[in-house]
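Colleague: My structure is stored as final-v2.txt, with compact mmCIF, C-alpha atoms.
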# COMPACT_ATOMS: atom_id res chain seq x y z
CA MET A 128 30.65 -24.94 89.04
CA SER A 129 33.75 -22.80 89.49
CA PRO A 130 34.96 -21.56 92.92
CA GLY A 131 33.62 -18.08 92.13
CA ALA A 132 30.14 -19.36 91.43
CA GLY A 133 29.18 -19.22 95.11
CA HIS A 134 29.63 -15.44 95.15
CA ALA A 135 27.63 -15.04 91.94
CA LEU A 136 24.81 -17.18 93.33
CA ASP A 137 24.52 -14.79 96.27
CA ALA A 138 23.30 -12.05 93.93
CA SER A 139 19.64 -11.13 93.49
CA VAL A 140 17.43 -10.90 90.42
CA LEU A 141 14.56 -8.47 89.89
CA VAL A 142 11.40 -10.14 88.57
CA LEU A 143 8.90 -8.36 86.32
CA ASN A 144 5.42 -9.55 85.50
CA LYS A 145 4.34 -9.91 81.86
CA PHE A 146 3.50 -6.17 81.83
CA TYR A 147 7.08 -5.21 82.83
CA MET A 148 6.05 -4.25 86.36
CA ALA A 149 8.42 -5.18 89.23
CA VAL A 150 6.85 -7.80 91.49
CA HIS A 151 9.59 -9.77 93.27
CA VAL A 152 13.29 -10.12 94.00
CA ILE A 153 14.50 -13.71 93.87
CA SER A 154 17.68 -15.77 94.10
CA VAL A 155 19.92 -16.48 91.12
CA ARG A 156 19.17 -20.22 91.41
CA ARG A 157 15.44 -19.57 91.19
CA ALA A 158 15.91 -17.22 88.25
CA PHE A 159 17.89 -19.77 86.23
CA CYS A 160 15.30 -22.43 87.02
CA LEU A 161 12.57 -20.21 85.55
CA LEU A 162 14.68 -19.41 82.50
CA PHE A 163 15.58 -23.03 81.83
CA LYS A 164 11.89 -24.02 81.99
CA ASN A 165 11.02 -21.22 79.52
CA LEU A 166 8.79 -19.56 82.11
CA ALA A 167 10.79 -16.33 81.97
CA GLU A 168 13.16 -14.34 79.78
CA VAL A 169 16.16 -12.16 80.56
CA ILE A 170 15.66 -8.40 80.21
CA THR A 171 18.61 -6.07 79.69
CA VAL A 172 18.60 -2.28 79.72
CA ASP A 173 21.18 -0.39 77.65
CA ASP A 174 20.85 3.37 77.09
CA GLY A 175 17.14 3.20 77.89
CA ARG A 176 16.50 0.40 75.38
CA TYR A 177 15.22 -3.02 76.44
CA ALA A 178 16.24 -6.35 74.95
CA SER A 179 14.96 -9.82 75.83
CA PHE A 180 16.59 -13.25 75.66
CA ASN A 181 15.50 -16.80 76.31
CA PHE A 182 17.86 -19.25 78.01
CA ALA A 183 19.55 -20.37 74.79
CA SER A 184 20.11 -16.88 73.41
CA TRP A 185 21.30 -15.64 76.80
CA ARG A 186 23.97 -18.36 76.76
CA GLU A 187 25.15 -17.06 73.40
CA VAL A 188 25.14 -13.44 74.56
CA SER A 189 27.01 -14.42 77.73
CA HIS A 190 29.77 -15.95 75.61
CA VAL A 191 30.34 -12.56 73.96
CA ARG A 192 29.87 -10.53 77.14
CA ALA A 193 32.48 -12.63 78.94
CA ARG A 194 35.16 -11.05 76.74
CA TYR A 195 34.19 -7.54 77.83
CA ARG A 196 32.98 -8.16 81.36
CA GLU A 197 32.62 -5.28 83.78
CA PRO A 198 33.77 -5.39 87.44
CA ASP A 199 30.16 -5.70 88.64
CA ASP A 200 29.25 -8.53 86.28
CA ASP A 201 28.71 -11.99 87.74
CA PHE A 202 29.32 -15.16 85.75
CA ILE A 203 28.73 -18.80 86.58
CA ARG A 204 30.91 -21.45 84.94
CA THR A 205 29.49 -24.93 84.49
CA VAL A 206 31.25 -27.99 83.08
CA HIS A 207 30.27 -27.11 79.51
CA PHE A 208 29.75 -23.33 79.39
CA GLU A 209 29.90 -20.00 81.20
CA ILE A 210 26.77 -17.89 81.62
CA GLN A 211 26.23 -14.40 83.00
CA VAL A 212 23.94 -13.88 85.97
CA PRO A 213 20.98 -11.79 84.78
CA ARG A 214 19.91 -8.78 86.81
CA ILE A 215 16.31 -8.72 85.55
CA ILE A 216 13.95 -11.39 84.28
CA ARG A 217 10.36 -11.16 83.02
CA LEU A 218 7.77 -13.82 83.74
CA LEU A 219 6.01 -14.70 80.50
CA MET A 220 2.66 -15.76 81.99
CA TYR A 221 2.50 -13.97 85.36
CA ASP A 222 0.07 -11.04 85.24
CA ARG A 223 -0.48 -10.22 88.93
CA MET A 224 0.08 -6.66 90.07
CA PRO A 225 2.75 -5.52 92.57
CA ARG A 226 1.84 -5.19 96.25
CA GLN A 227 0.41 -1.82 97.21
CA THR A 228 1.88 -1.79 100.71
CA VAL A 229 5.24 -2.80 102.13
CA LYS A 230 5.08 -6.09 104.02
CA PHE A 231 5.48 -5.70 107.77
CA ASN A 232 8.15 -8.18 108.85
CA ARG A 233 11.48 -8.41 110.69
CA ARG A 234 13.58 -8.20 107.55
CA ASN A 235 11.98 -4.95 106.43
CA LEU A 236 12.16 -3.48 109.94
CA PHE A 237 15.90 -4.17 110.17
CA ALA A 238 16.41 -2.79 106.67
CA ARG A 239 14.34 0.34 107.37
CA ASP A 240 16.52 1.15 110.39
CA GLY A 241 19.72 0.20 108.59
CA ASN A 242 20.59 -2.44 111.20
CA ARG A 243 21.23 0.43 113.59
CA CYS A 244 20.01 0.71 117.18
CA GLN A 245 17.52 3.56 117.23
CA TYR A 246 18.53 4.52 120.77
CA CYS A 247 22.35 4.55 120.81
CA GLY A 248 22.95 4.58 117.06
CA LYS A 249 25.27 1.56 117.06
CA LYS A 250 25.18 -0.52 113.87
CA SER A 251 25.26 -4.30 114.35
CA SER A 252 24.50 -7.54 112.57
CA THR A 253 20.92 -8.74 112.58
CA SER A 254 21.80 -11.50 115.04
CA GLU A 255 22.98 -8.90 117.56
CA LEU A 256 19.86 -6.74 117.29
CA SER A 257 16.34 -7.09 118.63
CA LEU A 258 13.05 -5.37 117.94
CA ASP A 259 11.70 -3.10 120.65
CA HIS A 260 8.14 -1.92 121.23
CA ILE A 261 8.36 1.82 121.96
CA ILE A 262 5.15 1.61 123.94
CA PRO A 263 5.55 -1.79 125.64
CA ARG A 264 3.12 -4.56 124.85
CA SER A 265 2.22 -4.64 128.56
CA ARG A 266 0.90 -1.10 128.08
CA GLY A 267 -1.11 -1.98 124.99
CA GLY A 268 1.66 -1.20 122.50
CA ARG A 269 0.95 -2.73 119.10
CA ALA A 270 3.19 -4.36 116.52
CA THR A 271 3.08 -1.52 113.97
CA TRP A 272 5.61 0.38 111.87
CA ASP A 273 5.45 3.41 114.19
CA ASN A 274 5.81 1.45 117.42
CA ILE A 275 8.68 -0.96 116.69
CA VAL A 276 12.35 -0.08 116.19
CA CYS A 277 15.68 -1.86 116.09
CA ALA A 278 17.52 -1.90 119.38
CA CYS A 279 20.80 -3.38 120.52
CA ARG A 280 20.61 -5.82 123.39
CA ARG A 281 22.13 -3.36 125.85
CA CYS A 282 19.57 -0.64 125.09
CA ASN A 283 16.71 -3.11 125.06
CA VAL A 284 17.64 -4.35 128.53
CA ARG A 285 18.12 -0.80 129.79
CA LYS A 286 14.70 0.28 128.53
CA GLY A 287 12.94 -2.82 129.83
CA GLY A 288 9.18 -2.52 130.10
CA ARG A 289 9.21 1.28 130.14
CA THR A 290 8.66 3.94 127.53
CA PRO A 291 11.79 5.71 126.24
CA ARG A 292 10.86 8.82 128.23
CA GLU A 293 10.51 6.86 131.45
CA ALA A 294 13.88 5.22 130.79
CA GLY A 295 15.57 8.54 130.04
CA MET A 296 16.23 7.48 126.44
CA SER A 297 15.42 9.07 123.11
CA LEU A 298 14.95 7.79 119.58
CA SER A 299 17.38 8.86 116.87
CA ARG A 300 14.40 9.37 114.54
CA ASP A 301 10.67 8.78 114.51
CA PRO A 302 9.76 5.37 113.06
CA VAL A 303 7.42 5.50 110.08
CA GLU A 304 5.94 3.10 107.57
CA PRO A 305 8.23 3.05 104.50
CA ARG A 306 6.72 3.91 101.13
CA THR A 307 9.05 1.54 99.32
CA SER A 308 10.66 -1.77 100.22
CA PRO A 309 13.62 -1.08 102.56
CA VAL A 310 15.37 -4.28 101.47
CA VAL A 311 15.22 -3.32 97.81
CA SER A 312 16.40 0.20 98.68
CA LEU A 313 19.56 -1.36 100.09
CA LYS A 314 20.06 -3.34 96.89
CA LEU A 315 19.80 -0.17 94.81
CA SER A 316 22.76 1.28 96.70
CA HIS A 317 24.99 -1.23 94.86
CA ARG A 318 26.16 -0.46 91.32
CA LYS A 319 25.45 -3.97 90.09
CA TYR A 320 21.71 -3.37 90.49
CA ARG A 321 21.58 0.01 88.78
CA SER A 322 19.56 -1.46 85.88
CA TRP A 323 16.68 -2.06 88.32
CA LYS A 324 16.09 1.67 88.58
CA ALA A 325 14.48 1.75 85.13
CA PHE A 326 11.60 -0.25 86.59
CA LEU A 327 11.53 1.24 90.08
CA ASP A 328 12.22 4.97 89.87
CA ASN A 329 8.84 6.05 88.60
CA ALA A 330 6.67 3.67 90.60
CA CYS A 331 5.46 3.38 94.16
CA TRP A 332 6.94 -0.10 94.48
CA SER A 333 6.77 -2.42 97.42
CA ILE A 334 8.21 -5.64 96.03
CA GLU A 335 9.48 -8.31 98.35
CA LEU A 336 12.37 -10.74 98.54
CA GLU A 337 11.37 -14.36 98.19
As structure tokens - that is how I would like this structure written.
Modeller:
Amino acid sequence: MSPGAGHALDASVLVLNKFYMAVHVISVRRAFCLLFKNLAEVITVDDGRYASFNFASWREVSHVRARYREPDDDFIRTVHFEIQVPRIIRLLMYDRMPRQTVKFNRRNLFARDGNRCQYCGKKSSTSELSLDHIIPRSRGGRATWDNIVCACRRCNVRKGGRTPREAGMSLSRDPVEPRTSPVVSLKLSHRKYRSWKAFLDNACWSIELE
């Protein structure tokens, strides 16, 4: 693969079930594997109209699209051909429904809070942040959406085993359970994923990254 392939492989692909309902977000490698095995097809959205392509036809379309590529387009060059990274694929046999609730995990908590300490407001990398129980576990505080927030190490140490009020600290905003996947919300802020909105805007979606 070409030197630029690494960047393209870092992109994400929205996965629809056979009923065109969003169910997952997966890696480019996984998406191409599904396409090559004829377990999925590429879906494109142009002016509100959908088109579908299998692996072979997507290769042909990619050859044409490469001549008129947009800045946000990603292409992967192999030894024998160049192929565009799809933004959306549809599983041909998968008929399960999307999750009805957002999964409670570290990734979604960091995404919900925008990787920002909810006490001092400082934005940091995930490796520099921790998760803090507002009501400490020693006081019966539970691991729930409304009791856990992102905190920088300095604020976490300062707060210790106290409540924010006891530590003389305040939250920048009240933590709540998100209605939609925070991770996917971050993806939608990028232009390259604007085609996802056709399948997400009018739904209470809670899809997850695999």
Colleague: Can you pull out the residues contacting Thr271 in chain A? Cut-off 12 Å, using only C-alpha atoms, and skip same-chain residues under 6 positions away; I want them as a list in words.
Modeller: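 Neighbouring residues, sequence-local ones excluded: Lys230, Phe231, Asn232, Arg233, Leu236, Leu258, Asp259, His260, Ile261, Ile262, Pro263, Arg264, Pro302, Val303, Glu304 and Pro305 of chain A.
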Colleague: From the options A:Tyr177, A:Leu143, A:Tyr195, A:Arg186, which residue's atoms come nearest to Phe163 in chain A, counting all atoms listed in the file?
Modeller: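 With all atoms listed in the file as the atom set, the closest residue is A:Arg186.
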Colleague: How close does each residue of range 258-336 of chain A get to range 245-249 of chain A, giving the shortest atom pair and distance in Å to one decimal for every residue with an atom at most 8 Å away, counting all atoms listed in the file, sorted by chain and residue number, as a tab-separated table?
Modeller:
residue	atom	partner	partner_atom	distance
A:Val276	CA	A:Gln245	CA	6.4
A:Cys277	CA	A:Gln245	CA	5.8
A:Ala278	CA	A:Gln245	CA	5.9
A:Cys279	CA	A:Lys249	CA	7.5
A:Cys282	CA	A:Tyr246	CA	6.8
A:Met296	CA	A:Tyr246	CA	6.8
A:Ser297	CA	A:Tyr246	CA	6.0
A:Leu298	CA	A:Tyr246	CA	5.0
A:Ser299	CA	A:Gln245	CA	5.3
A:Arg300	CA	A:Gln245	CA	7.1
Colleague: Have a look at A:Thr228, A:Asn274, A:Ser316, A:Ser184 and name the one nearest to Ile170 in chain A; count all atoms listed in the file.
Modeller: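 Smallest separation from Ile170 in chain A among the options: A:Ser184.
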Colleague: Box for range 265-282 of chain A: with edges along x, y and z, all listed atoms inside and 8 Å added on each side, what are the centre and edge lengths in Å to one decimal, as AutoDock Vina command-line options?
Modeller:
--center_x 10.5 --center_y -1.2 --center_z 120.2 --size_x 39.2 --size_y 25.2 --size_z 32.7
Colleague: How many Å separate CA of Gly175 in chain A from CA of Trp323 in chain A?
Modeller: 11.7 Å
Colleague: If we count only C-alpha atoms, what is near Asp199 in chain A at a cut-off of 12 Å, once residues fewer than 5 positions away on the same chain are taken out, given as a list in words?
Modeller: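 Selected residues are His134, Ala135, Ala138, Gln211, Val212, Pro213, Arg214, His317, Arg318, Lys319, Tyr320, Arg321 and Ser322 of chain A.
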Colleague: Rank A:Phe237, A:Leu327, A:Ile275, A:Arg223 by their smallest atom-to-atom distance to Leu315 in chain A, using all atoms listed in the file, and report the top residue only.
Modeller: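 Looking only at the distances to Leu315 in chain A, the closest residue turns out to be A:Leu327.
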Colleague: Separation of CA of Ser251 in chain A and CA of Arg156 in chain A, in Å?
Modeller: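 Answer for the CA of Ser251 in chain A to CA of Arg156 in chain A separation: 28.6 Å.
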Colleague: Hey, can you check how far CA of Leu136 in chain A sits from CA of Asp201 in chain A?
Modeller: 8.6 Å
Colleague: Hey, what's within 6 Å of Ile215 in chain A if we count only C-alpha atoms and toss same-chain stuff fewer than 4 positions away? As a compact mmCIF listing (two decimals) with C-alpha atoms, keeping the file's coordinate frame, please?
Modeller:
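The result, written out as selection.txt:
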# COMPACT_ATOMS: atom_id res chain seq x y z
CA VAL A 140 17.43 -10.90 90.42
CA LEU A 141 14.56 -8.47 89.89
CA VAL A 142 11.40 -10.14 88.57
CA ILE A 170 15.66 -8.40 80.21
Colleague: Check the smallest atom-to-atom distance from each of A:Ser265, A:Ala178, A:Val172, A:Asn242 to Gly287 in chain A using all atoms listed in the file, then report the winner.
Modeller: A:Ser265
Colleague: Would you please work out which residue, of A:His151, A:Arg243, A:Glu209, A:Lys145, is nearest to Arg192 in chain A when using all atoms listed in the file?
Modeller: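 Smallest distance to Arg192 in chain A is found for A:Glu209.
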Colleague: If you count all atoms listed in the file, which residues fall within 9 Å of Leu162 in chain A, apart from same-chain ones fewer than 6 positions away, as an mmCIF file with C-alpha atoms, in the frame of the given file?
Modeller:
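So the final result, stored in selection-v1.cif, reads:
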data_model
loop_
_atom_site.group_PDB
_atom_site.id
_atom_site.type_symbol
_atom_site.label_atom_id
_atom_site.label_comp_id
_atom_site.auth_asym_id
_atom_site.auth_seq_id
_atom_site.Cartn_x
_atom_site.Cartn_y
_atom_site.Cartn_z
ATOM 1 C CA GLU A 168 13.160 -14.340 79.780
ATOM 2 C CA VAL A 169 16.160 -12.160 80.560
ATOM 3 C CA ASN A 181 15.500 -16.800 76.310
ATOM 4 C CA PHE A 182 17.860 -19.250 78.010
ATOM 5 C CA ILE A 216 13.950 -11.390 84.280
ATOM 6 C CA LEU A 218 7.770 -13.820 83.740
#
Colleague: Could you check the closest approach to Ser308 in chain A for each of A:Arg239, A:Ser154, A:Arg196, A:Ser189 and tell me which residue wins, using all atoms listed in the file?
Modeller: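 Using all atoms listed in the file, Ser308 in chain A sits closest to A:Arg239.
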